[in-house]
$ cat target-v9.cif   # mmCIF, C-alpha atoms
data_run
loop_
_atom_site.label_atom_id
_atom_site.label_comp_id
_atom_site.auth_asym_id
_atom_site.auth_seq_id
_atom_site.Cartn_x
_atom_site.Cartn_y
_atom_site.Cartn_z
CA MET A 1 -13.59 11.58 16.26
CA ALA A 2 -10.17 12.64 17.46
CA TYR A 3 -8.00 14.53 14.98
CA ARG A 4 -5.52 12.30 13.25
CA GLY A 5 -2.60 13.40 11.16
CA MET A 6 0.47 11.85 9.72
CA THR A 7 3.74 12.84 8.15
CA ALA A 8 4.77 11.00 5.00
CA GLU A 9 7.86 11.75 2.98
CA THR A 10 10.73 10.33 1.01
CA ILE A 11 14.09 10.40 2.76
CA SER A 12 17.59 9.09 2.10
CA ILE A 13 19.16 6.44 4.35
CA SER A 14 22.39 4.47 4.40
CA GLY A 15 21.92 0.99 3.02
CA HIS A 16 24.25 -1.90 2.27
CA ASN A 17 27.92 -0.87 2.24
CA GLY A 18 26.84 2.66 3.18
CA ASP A 19 25.15 3.23 -0.19
CA LYS A 20 22.57 6.01 -0.13
CA ILE A 21 19.10 4.66 -0.90
CA SER A 22 15.66 6.24 -0.85
CA ALA A 23 13.00 5.31 1.66
CA TYR A 24 9.38 6.30 2.15
CA VAL A 25 8.49 7.06 5.76
CA ALA A 26 5.04 7.57 7.27
CA ARG A 27 4.29 8.12 10.94
CA PRO A 28 1.56 9.61 13.07
CA GLN A 29 2.01 13.24 14.03
CA GLY A 30 3.27 13.83 17.52
CA SER A 31 6.24 12.85 19.62
CA GLY A 32 5.34 9.19 20.08
CA PRO A 33 6.48 6.83 21.26
CA PHE A 34 5.57 4.76 18.19
CA PRO A 35 6.47 1.16 17.40
CA GLY A 36 8.35 0.81 14.13
CA VAL A 37 7.69 -1.30 11.06
CA VAL A 38 10.07 -1.85 8.14
CA LEU A 39 8.30 -2.82 4.92
CA ILE A 40 10.26 -4.86 2.38
CA HIS A 41 8.73 -4.31 -1.03
CA HIS A 42 7.98 -7.06 -3.54
CA ASN A 43 9.56 -7.62 -6.93
CA PRO A 44 6.86 -5.68 -8.79
CA GLY A 45 8.82 -2.79 -7.31
CA TRP A 46 8.95 0.03 -4.78
CA ASP A 47 5.48 0.96 -5.89
CA GLU A 48 2.24 2.66 -5.01
CA PHE A 49 0.99 -0.39 -3.09
CA TYR A 50 3.99 -0.21 -0.79
CA CYS A 51 3.65 3.55 -0.27
CA GLU A 52 -0.03 3.09 0.55
CA THR A 53 0.72 0.20 2.90
CA THR A 54 3.38 2.29 4.63
CA ARG A 55 0.73 4.96 5.24
CA LYS A 56 -1.71 2.26 6.40
CA PHE A 57 0.68 1.34 9.20
CA ALA A 58 0.99 5.01 10.17
CA HIS A 59 -2.81 5.25 10.22
CA HIS A 60 -2.75 2.42 12.75
CA GLY A 61 -0.21 4.17 14.97
CA TYR A 62 3.09 2.78 13.69
CA ALA A 63 6.13 4.60 12.36
CA ALA A 64 6.71 2.82 9.08
CA ILE A 65 9.54 2.88 6.57
CA SER A 66 9.74 1.25 3.16
CA HIS A 67 13.18 1.42 1.58
CA ASN A 68 13.93 1.18 -2.12
CA LEU A 69 15.73 -2.11 -2.71
CA PHE A 70 15.95 -1.28 -6.43
CA GLN A 71 17.76 2.04 -5.99
CA ARG A 72 20.85 0.86 -7.82
CA ALA A 73 18.86 0.04 -10.99
CA GLY A 74 18.30 3.75 -11.56
CA GLU A 75 15.51 6.27 -11.47
CA GLY A 76 12.22 5.74 -13.26
CA ARG A 77 8.69 4.46 -12.97
CA SER A 78 8.48 1.60 -10.49
CA ASP A 79 7.34 -0.90 -13.14
CA ASP A 80 10.19 0.03 -15.51
CA VAL A 81 12.76 -0.20 -12.72
CA ALA A 82 11.31 -3.56 -11.61
CA ALA A 83 11.53 -4.84 -15.20
CA LYS A 84 15.20 -3.85 -15.32
CA VAL A 85 15.89 -5.67 -12.06
CA ARG A 86 14.05 -8.74 -13.37
CA ALA A 87 16.22 -8.74 -16.49
CA GLU A 88 19.31 -8.56 -14.28
CA GLY A 89 18.20 -11.67 -12.36
CA GLY A 90 16.99 -9.83 -9.28
CA ILE A 91 19.03 -8.20 -6.53
CA PRO A 92 21.62 -9.93 -4.34
CA ASP A 93 20.22 -11.30 -1.07
CA ALA A 94 23.21 -9.90 0.84
CA GLN A 95 22.50 -6.41 -0.51
CA ALA A 96 18.81 -6.63 0.48
CA ILE A 97 19.80 -7.72 3.98
CA GLY A 98 22.24 -4.80 4.27
CA ASP A 99 19.68 -2.30 2.99
CA THR A 100 17.06 -3.57 5.43
CA GLU A 101 19.48 -3.34 8.34
CA GLY A 102 19.99 0.27 7.28
CA ALA A 103 16.23 0.91 7.51
CA VAL A 104 16.06 -0.67 10.97
CA LYS A 105 19.06 1.38 12.08
CA TRP A 106 17.44 4.57 10.84
CA LEU A 107 14.24 3.79 12.79
CA ARG A 108 16.19 2.98 15.94
CA ALA A 109 17.93 6.37 15.78
CA GLN A 110 14.62 8.27 15.98
CA SER A 111 13.57 9.79 19.30
CA TRP A 112 9.91 8.91 18.74
CA LEU A 113 10.49 5.15 18.43
CA ASN A 114 9.27 3.01 21.35
CA GLY A 115 12.30 0.77 20.98
CA LYS A 116 10.49 -2.00 19.08
CA VAL A 117 10.76 -2.79 15.36
CA GLY A 118 8.88 -5.32 13.27
CA VAL A 119 9.43 -6.28 9.64
CA PHE A 120 6.74 -6.86 7.01
CA GLY A 121 7.04 -8.19 3.47
CA THR A 122 4.88 -9.75 0.77
CA CYS A 123 5.79 -12.06 -2.09
CA SER A 124 9.57 -11.78 -2.71
CA GLY A 125 9.51 -9.18 0.10
CA GLY A 126 8.10 -11.91 2.35
CA ARG A 127 11.00 -14.14 1.41
CA LEU A 128 13.45 -11.33 2.18
CA ALA A 129 11.67 -10.53 5.46
CA PHE A 130 12.24 -14.09 6.63
CA LEU A 131 15.80 -14.12 5.30
CA PHE A 132 16.57 -10.84 7.05
CA ALA A 133 15.10 -12.08 10.34
CA CYS A 134 17.52 -15.01 10.13
CA HIS A 135 20.48 -12.64 9.69
CA THR A 136 19.86 -10.03 12.38
CA LYS A 137 19.18 -9.60 16.05
CA SER A 138 17.89 -6.05 15.62
CA ILE A 139 14.15 -6.72 15.27
CA ASN A 140 11.36 -7.89 17.55
CA CYS A 141 9.16 -9.81 15.10
CA VAL A 142 8.61 -10.49 11.41
CA ALA A 143 5.52 -10.91 9.25
CA GLU A 144 6.11 -12.98 6.13
CA LEU A 145 3.24 -12.90 3.68
CA TRP A 146 3.32 -15.60 0.99
CA GLY A 147 7.09 -15.52 0.66
CA GLY A 148 7.93 -17.25 -2.59
CA ARG A 149 11.16 -19.21 -2.90
CA VAL A 150 11.89 -19.58 0.82
CA VAL A 151 12.22 -23.18 -0.28
CA MET A 152 14.39 -23.36 -3.40
CA LYS A 153 15.57 -26.19 -5.59
CA LYS A 154 19.30 -26.43 -6.15
CA GLU A 155 18.87 -25.35 -9.78
CA GLU A 156 17.11 -22.15 -8.68
CA LEU A 157 20.12 -20.96 -6.68
CA THR A 158 22.19 -18.21 -8.28
CA PRO A 159 25.23 -16.15 -7.25
CA LYS A 160 22.79 -13.45 -6.13
CA MET A 161 20.64 -15.95 -4.23
CA PRO A 162 23.22 -18.56 -3.22
CA THR A 163 21.32 -20.23 -0.38
CA ALA A 164 17.64 -21.07 0.09
CA PRO A 165 16.32 -19.00 3.03
CA ILE A 166 14.89 -22.11 4.71
CA GLU A 167 18.49 -23.23 5.33
CA PHE A 168 18.89 -20.34 7.78
CA THR A 169 15.84 -21.22 9.92
CA LYS A 170 17.92 -22.18 12.93
CA ASN A 171 19.19 -18.57 13.11
CA LEU A 172 15.73 -16.95 13.18
CA SER A 173 15.97 -14.39 15.94
CA CYS A 174 12.35 -13.42 16.62
CA PRO A 175 8.69 -14.54 16.45
CA ILE A 176 7.30 -14.96 12.94
CA LEU A 177 3.80 -14.60 11.51
CA GLY A 178 3.14 -16.31 8.17
CA LEU A 179 0.08 -15.81 5.96
CA PHE A 180 -0.41 -18.03 2.92
CA GLY A 181 -3.03 -18.84 0.31
CA ASN A 182 -3.74 -22.51 -0.22
CA GLU A 183 -4.08 -21.98 -3.97
CA ASP A 184 -0.67 -20.35 -4.34
CA ALA A 185 1.90 -21.80 -6.73
CA ALA A 186 4.85 -19.94 -5.17
CA PRO A 187 4.93 -20.93 -2.36
CA THR A 188 2.91 -24.10 -2.79
CA PRO A 189 1.12 -25.56 0.25
CA ASP A 190 3.78 -28.27 0.31
CA GLN A 191 6.55 -25.65 0.47
CA VAL A 192 4.69 -23.94 3.31
CA ASN A 193 4.57 -27.33 5.07
CA GLN A 194 8.35 -27.64 4.69
CA HIS A 195 8.81 -24.09 5.98
CA GLU A 196 6.61 -24.80 9.01
CA ALA A 197 8.28 -28.15 9.72
CA GLU A 198 11.69 -26.47 9.81
CA LEU A 199 10.45 -23.79 12.21
CA LYS A 200 8.97 -26.48 14.43
CA LYS A 201 12.15 -28.56 14.30
CA HIS A 202 14.20 -25.64 15.59
CA GLY A 203 11.66 -24.70 18.29
CA LYS A 204 10.90 -21.27 16.81
CA ASN A 205 8.02 -19.06 17.91
CA TYR A 206 5.81 -19.09 14.81
CA GLU A 207 2.20 -18.51 13.86
CA PHE A 208 1.09 -19.64 10.39
CA HIS A 209 -2.35 -19.03 8.91
CA ARG A 210 -3.40 -20.60 5.63
CA TYR A 211 -6.41 -19.43 3.69
CA ASP A 212 -8.70 -21.48 1.48
CA GLY A 213 -10.06 -19.70 -1.56
CA ALA A 214 -6.93 -17.55 -1.82
CA GLY A 215 -3.80 -17.83 -3.91
CA HIS A 216 -0.83 -15.50 -4.21
CA GLY A 217 -1.05 -11.83 -3.30
CA PHE A 218 -4.54 -11.84 -1.84
CA PHE A 219 -3.99 -8.44 -0.14
CA TYR A 220 -3.45 -6.69 -3.50
CA TYR A 221 -6.71 -4.80 -3.94
CA ASP A 222 -5.78 -3.64 -7.44
CA ARG A 223 -5.12 -7.15 -8.76
CA PRO A 224 -7.47 -10.04 -9.60
CA MET A 225 -5.89 -12.12 -6.83
CA TYR A 226 -7.53 -9.89 -4.20
CA ARG A 227 -9.75 -11.83 -1.78
CA VAL A 228 -11.58 -9.44 0.45
CA GLU A 229 -12.55 -11.80 3.30
CA GLN A 230 -9.13 -13.40 3.55
CA ALA A 231 -7.37 -10.03 3.25
CA LEU A 232 -9.45 -8.44 6.00
CA ASP A 233 -8.81 -11.40 8.29
CA GLY A 234 -5.13 -11.35 7.35
CA TRP A 235 -4.79 -7.69 8.28
CA LYS A 236 -6.39 -8.44 11.66
CA LYS A 237 -3.79 -11.14 12.19
CA VAL A 238 -0.95 -8.78 11.24
CA PHE A 239 -2.08 -6.02 13.61
CA ALA A 240 -2.76 -8.45 16.48
CA PHE A 241 0.71 -9.94 16.01
CA TYR A 242 2.39 -6.53 15.99
CA GLU A 243 0.40 -5.33 19.00
CA LYS A 244 1.60 -8.38 20.89
CA HIS A 245 5.26 -8.11 19.95
CA LEU A 246 5.77 -4.40 19.36
CA GLY A 247 3.80 -3.22 22.38
CA LYS A 248 1.68 -0.47 20.86
CA MET B 1 9.36 -12.18 -9.14
CA CYS B 2 8.36 -15.30 -7.32
CA THR B 3 9.22 -17.39 -10.36
CA SER B 4 12.62 -17.85 -11.93
CA VAL B 5 11.28 -17.95 -15.49
CA VAL B 6 13.29 -15.21 -17.19
CA GLU B 7 14.91 -15.43 -20.62
CA VAL B 8 17.05 -12.68 -22.11
CA CYS B 9 18.28 -12.44 -25.70
CA SER B 10 19.88 -9.75 -27.81
CA ALA B 11 17.49 -7.86 -30.07
CA GLU B 12 18.62 -5.29 -32.59
CA GLY B 13 16.10 -2.76 -33.84
CA ALA B 14 13.86 -0.07 -32.44
CA GLY B 15 11.00 0.04 -29.97
CA LYS B 16 8.41 2.59 -29.00
CA GLY B 17 7.74 3.30 -25.36
CA ASP B 18 6.23 6.31 -23.62
CA GLY B 19 5.53 7.95 -26.97
CA SER B 20 8.96 7.91 -28.53
CA TRP B 21 11.20 5.49 -30.36
CA PHE B 22 14.49 4.22 -29.00
CA ALA B 23 17.19 1.78 -30.12
CA VAL B 24 16.48 -1.69 -28.74
CA THR B 25 19.39 -3.88 -27.65
CA SER B 26 17.72 -6.80 -25.89
CA ALA B 27 14.46 -8.61 -25.24
CA VAL B 28 13.42 -10.04 -21.88
CA VAL B 29 10.76 -12.72 -21.72
CA SER B 30 9.41 -13.91 -18.39
CA TYR B 31 6.46 -15.56 -16.70
CA ASP B 32 5.80 -13.35 -13.73
CA HIS B 33 3.29 -11.13 -11.94
CA PRO B 34 2.13 -8.49 -14.42
CA HIS B 35 1.86 -4.83 -13.45
CA HIS B 36 -1.18 -4.00 -15.51
CA ALA B 37 -2.82 -7.06 -17.11
CA LEU B 38 -5.48 -8.43 -14.78
CA LEU B 39 -3.80 -11.82 -14.41
CA GLU B 40 -1.99 -13.50 -11.54
CA ASP B 41 0.90 -14.38 -13.84
CA ALA B 42 1.56 -13.41 -17.43
CA ILE B 43 4.11 -13.85 -20.14
CA THR B 44 5.82 -10.48 -20.12
CA ILE B 45 7.95 -9.30 -23.01
CA ASP B 46 10.15 -6.24 -22.63
CA PHE B 47 12.17 -4.74 -25.47
CA VAL B 48 14.76 -2.64 -23.72
CA ASN B 49 17.96 -0.67 -23.92
CA PRO B 50 19.57 -0.79 -20.45
CA GLU B 51 22.09 1.90 -21.39
CA LEU B 52 19.26 4.41 -21.79
CA GLY B 53 17.83 3.67 -18.33
CA PRO B 54 14.78 1.80 -17.02
CA GLY B 55 12.35 3.94 -19.03
CA ALA B 56 13.65 2.67 -22.39
CA ARG B 57 11.19 -0.20 -22.45
CA ALA B 58 8.44 -1.33 -24.80
CA ALA B 59 6.42 -3.83 -22.82
CA VAL B 60 3.54 -6.25 -23.16
CA GLU B 61 1.92 -8.56 -20.61
CA ILE B 62 -0.17 -11.32 -22.17
CA THR B 63 -1.81 -14.60 -21.23
CA LEU B 64 0.04 -17.86 -21.65
CA GLU B 65 -2.36 -18.87 -24.44
CA SER B 66 -1.76 -15.56 -26.21
CA ALA B 67 1.98 -16.11 -25.91
CA LYS B 68 1.67 -19.54 -27.54
CA ALA B 69 -0.30 -18.03 -30.41
CA LEU B 70 2.28 -15.25 -30.69
CA ALA B 71 5.15 -17.74 -30.78
CA ALA B 72 3.40 -19.66 -33.57
CA ALA B 73 2.71 -16.45 -35.50
CA LEU B 74 6.33 -15.39 -35.06
CA ALA B 75 7.51 -18.79 -36.35
CA ARG B 76 5.24 -18.50 -39.42
CA ALA B 77 6.39 -14.94 -40.11
CA ILE B 78 10.05 -15.98 -39.77
CA ALA B 79 9.50 -18.91 -42.16
CA GLY B 80 7.91 -16.54 -44.67
CA ALA B 81 10.72 -14.03 -44.25
CA GLU B 82 13.39 -16.67 -44.76
CA GLU B 83 11.64 -17.90 -47.90
CA MET B 84 11.57 -14.35 -49.19
CA GLU B 85 15.21 -13.79 -48.31
CA GLY B 86 16.04 -17.06 -50.11
CA ARG B 87 14.36 -15.80 -53.29
CA ARG B 88 16.20 -12.53 -52.95
CA GLY B 89 19.45 -14.49 -52.87
CA LEU B 90 18.70 -16.28 -56.18
#

$ encode --input "target-v9.cif" --output "structure tokens"
Amino acid sequence: MAYRGMTAETISISGHNGDKISAYVARPQGSGPFPGVVLIHHNPGWDEFYCETTRKFAHHGYAAISHNLFQRAGEGRSDDVAAKVRAEGGIPDAQAIGDTEGAVKWLRAQSWLNGKVGVFGTCSGGRLAFLFACHTKSINCVAELWGGRVVMKKEELTPKMPTAPIEFTKNLSCPILGLFGNEDAAPTPDQVNQHEAELKKHGKNYEFHRYDGAGHGFFYYDRPMYRVEQALDGWKKVFAFYEKHLGK
Amino acid sequence: MCTSVVEVCSAEGAGKGDGSWFAVTSAVVSYDHPHHALLEDAITIDFVNPELGPGARAAVEITLESAKALAAALARAIAGAEEMEGRRGL
């Protein structure tokens, strides 16, 4: 077997409004060129799962970066920081978009990038991945995994989340992959139907896969929602989608 | 969180987290993905002091049924406490 190595480290990047935020970067050793992936973490926090998933992408030949959307809540254990953000009503959508643009910009400044960048997010990170892809022209594709609250009721809107992401569908700038569990309560299968109908209405390049026997978070191998068959198939779909659009 | 079920109230007292006591200023109750309990969603209760940073947190993650039992127990304890305080006032 050929020798494989990777570099993984925490760096500082410029996020929304030029704020300095931390990011975890993993990439294969060597000069590249590597396709890039930006991982948008979920509301349980900038946690071990996201660091491991960042390294998983590097293991598969991608240069991956996961930025800390919760930087402004302070330093601490990821679950404590996430609890603080939850108590504050989450983070502003505009700030998350700005931070993610900062991560894309950082990747695009690296000499080893092949010029292509995809975005990946699960749960609330899936929602933000879709939202970001509707607010930028800087990426080549997006993978949204069970993004909750893409469809939002009027009473769910807040000053931090003033518009339901589905309202921005017409602005989606790149192909999208969606993975969903049919037993999920957020998003429900009906909300996924609405999401898909809107993509279809606007003639977007989309690929949705829905899994029976799976609910929310079926990739999370440390949680009871983990579904091994669906997760393994889902990962195949993610890598096939990125290979197609990021040209590895 | 993928839910919007979050309630915050002021709470005056003390909590113990990470081995030491701290002054509590508020309580946060939500129905959300737990970090540790092996449940898809849980009632999470955090007693916190935001001024001391994210680590000033005494947390529990319990099932919905447990939360209902806890709410009932809390109501009974409060009723008993108020009765006692009433006697004290006589």

$ atom_distance --input "target-v9.cif" --atom1 "atom CA of Val6 of chain B" --atom2 "atom CA of Ser78 of chain A"
18.7 Å

$ closest_residue --input "target-v9.cif" --among "B:Met84, B:Ala23, B:Val5, B:Val29" --to "Pro50 of chain B" --atoms "all atoms listed in the file"
B:Ala23

$ atom_distance --input "target-v9.cif" --atom1 "atom CA of Glu12 of chain B" --atom2 "atom CA of Asn43 of chain A"
27.3 Å

$ interface_residues --input "target-v9.cif" --of "chain B" --to "chain A" --cutoff "12 Å" --atoms "all atoms listed in the file" --output "PyMOL selection string"
chain B and resi 1-10+17-18+26-41+44-61

$ atom_distance --input "target-v9.cif" --atom1 "atom CA of Cys141 of chain A" --atom2 "atom CA of Phe57 of chain A"
15.2 Å

$ axis_aligned_box --input "target-v9.cif" --around "segment 40-50 of chain A" --padding-each-side "4 Å" --output "AutoDock Vina command-line options"
--center_x 5.6 --center_y -2.5 --center_z -3.2 --size_x 17.3 --size_y 18.3 --size_z 19.2

$ resolve_selection --input "target-v9.cif" --expression "the PyMOL selection byres ((chain A and resi 164-168) around 9)" --output "ChimeraX atom specification"
/A:127-128,130-131,134-135,149-154,156-157,161-163,169-172,194-195,198-199

$ build_atoms --input "target-v9.cif" --residues "segment 23-56 of chain B" --atoms "N, CA and C atoms" --output "CSV table (one decimal), in the frame of the given file"
chain,number,residue,atom,x,y,z
B,23,ALA,N,16.5,2.9,-29.6
B,23,ALA,CA,17.2,1.8,-30.1
B,23,ALA,C,17.1,0.6,-29.1
B,24,VAL,N,16.6,-0.5,-29.6
B,24,VAL,CA,16.5,-1.7,-28.7
B,24,VAL,C,17.8,-2.5,-28.8
B,25,THR,N,18.2,-3.0,-27.7
B,25,THR,CA,19.4,-3.9,-27.6
B,25,THR,C,19.1,-5.3,-27.1
B,26,SER,N,18.0,-5.4,-26.4
B,26,SER,CA,17.7,-6.8,-25.9
B,26,SER,C,16.2,-7.0,-25.6
B,27,ALA,N,15.8,-8.3,-25.6
B,27,ALA,CA,14.5,-8.6,-25.2
B,27,ALA,C,14.5,-9.5,-24.0
B,28,VAL,N,13.5,-9.3,-23.1
B,28,VAL,CA,13.4,-10.0,-21.9
B,28,VAL,C,12.0,-10.7,-21.8
B,29,VAL,N,12.0,-12.0,-21.8
B,29,VAL,CA,10.8,-12.7,-21.7
B,29,VAL,C,10.7,-13.4,-20.4
B,30,SER,N,9.5,-13.2,-19.7
B,30,SER,CA,9.4,-13.9,-18.4
B,30,SER,C,8.0,-14.4,-18.2
B,31,TYR,N,7.8,-15.2,-17.2
B,31,TYR,CA,6.5,-15.6,-16.7
B,31,TYR,C,6.4,-15.1,-15.3
B,32,ASP,N,5.7,-14.0,-15.0
B,32,ASP,CA,5.8,-13.4,-13.7
B,32,ASP,C,4.5,-12.6,-13.4
B,33,HIS,N,4.4,-12.0,-12.3
B,33,HIS,CA,3.3,-11.1,-11.9
B,33,HIS,C,3.3,-9.9,-12.9
B,34,PRO,N,2.2,-9.7,-13.6
B,34,PRO,CA,2.1,-8.5,-14.4
B,34,PRO,C,1.8,-7.2,-13.6
B,35,HIS,N,2.2,-6.1,-14.1
B,35,HIS,CA,1.9,-4.8,-13.4
B,35,HIS,C,0.5,-4.3,-13.8
B,36,HIS,N,0.1,-4.6,-15.0
B,36,HIS,CA,-1.2,-4.0,-15.5
B,36,HIS,C,-2.2,-5.0,-16.0
B,37,ALA,N,-1.8,-6.1,-16.7
B,37,ALA,CA,-2.8,-7.1,-17.1
B,37,ALA,C,-3.5,-7.7,-15.9
B,38,LEU,N,-4.8,-7.9,-15.9
B,38,LEU,CA,-5.5,-8.4,-14.8
B,38,LEU,C,-5.4,-9.9,-14.7
B,39,LEU,N,-4.1,-10.4,-14.5
B,39,LEU,CA,-3.8,-11.8,-14.4
B,39,LEU,C,-2.9,-12.0,-13.2
B,40,GLU,N,-2.9,-13.2,-12.6
B,40,GLU,CA,-2.0,-13.5,-11.5
B,40,GLU,C,-0.6,-13.6,-12.1
B,41,ASP,N,-0.4,-14.3,-13.2
B,41,ASP,CA,0.9,-14.4,-13.8
B,41,ASP,C,0.7,-14.2,-15.3
B,42,ALA,N,1.7,-13.7,-16.0
B,42,ALA,CA,1.6,-13.4,-17.4
B,42,ALA,C,2.9,-13.6,-18.1
B,43,ILE,N,2.9,-13.9,-19.4
B,43,ILE,CA,4.1,-13.8,-20.1
B,43,ILE,C,4.4,-12.4,-20.4
B,44,THR,N,5.5,-11.9,-19.9
B,44,THR,CA,5.8,-10.5,-20.1
B,44,THR,C,7.0,-10.4,-21.1
B,45,ILE,N,6.9,-9.5,-22.0
B,45,ILE,CA,8.0,-9.3,-23.0
B,45,ILE,C,8.4,-7.8,-23.0
B,46,ASP,N,9.6,-7.6,-22.7
B,46,ASP,CA,10.2,-6.2,-22.6
B,46,ASP,C,11.2,-6.1,-23.7
B,47,PHE,N,11.1,-5.1,-24.6
B,47,PHE,CA,12.2,-4.7,-25.5
B,47,PHE,C,12.8,-3.5,-24.8
B,48,VAL,N,14.1,-3.7,-24.5
B,48,VAL,CA,14.8,-2.6,-23.7
B,48,VAL,C,16.1,-2.2,-24.3
B,49,ASN,N,16.6,-1.1,-23.7
B,49,ASN,CA,18.0,-0.7,-23.9
B,49,ASN,C,18.5,-0.2,-22.6
B,50,PRO,N,19.1,-1.1,-21.8
B,50,PRO,CA,19.6,-0.8,-20.4
B,50,PRO,C,20.5,0.5,-20.4
B,51,GLU,N,21.2,0.7,-21.4
B,51,GLU,CA,22.1,1.9,-21.4
B,51,GLU,C,21.3,3.2,-21.3
B,52,LEU,N,20.1,3.2,-21.8
B,52,LEU,CA,19.3,4.4,-21.8
B,52,LEU,C,18.4,4.6,-20.5
B,53,GLY,N,18.6,3.6,-19.6
B,53,GLY,CA,17.8,3.7,-18.3
B,53,GLY,C,16.6,2.8,-18.3
B,54,PRO,N,15.9,2.7,-17.1
B,54,PRO,CA,14.8,1.8,-17.0
B,54,PRO,C,13.6,2.2,-17.9
B,55,GLY,N,13.5,3.5,-18.2
B,55,GLY,CA,12.4,3.9,-19.0
B,55,GLY,C,12.4,3.5,-20.5
B,56,ALA,N,13.6,3.1,-21.0
B,56,ALA,CA,13.6,2.7,-22.4
B,56,ALA,C,13.1,1.3,-22.5
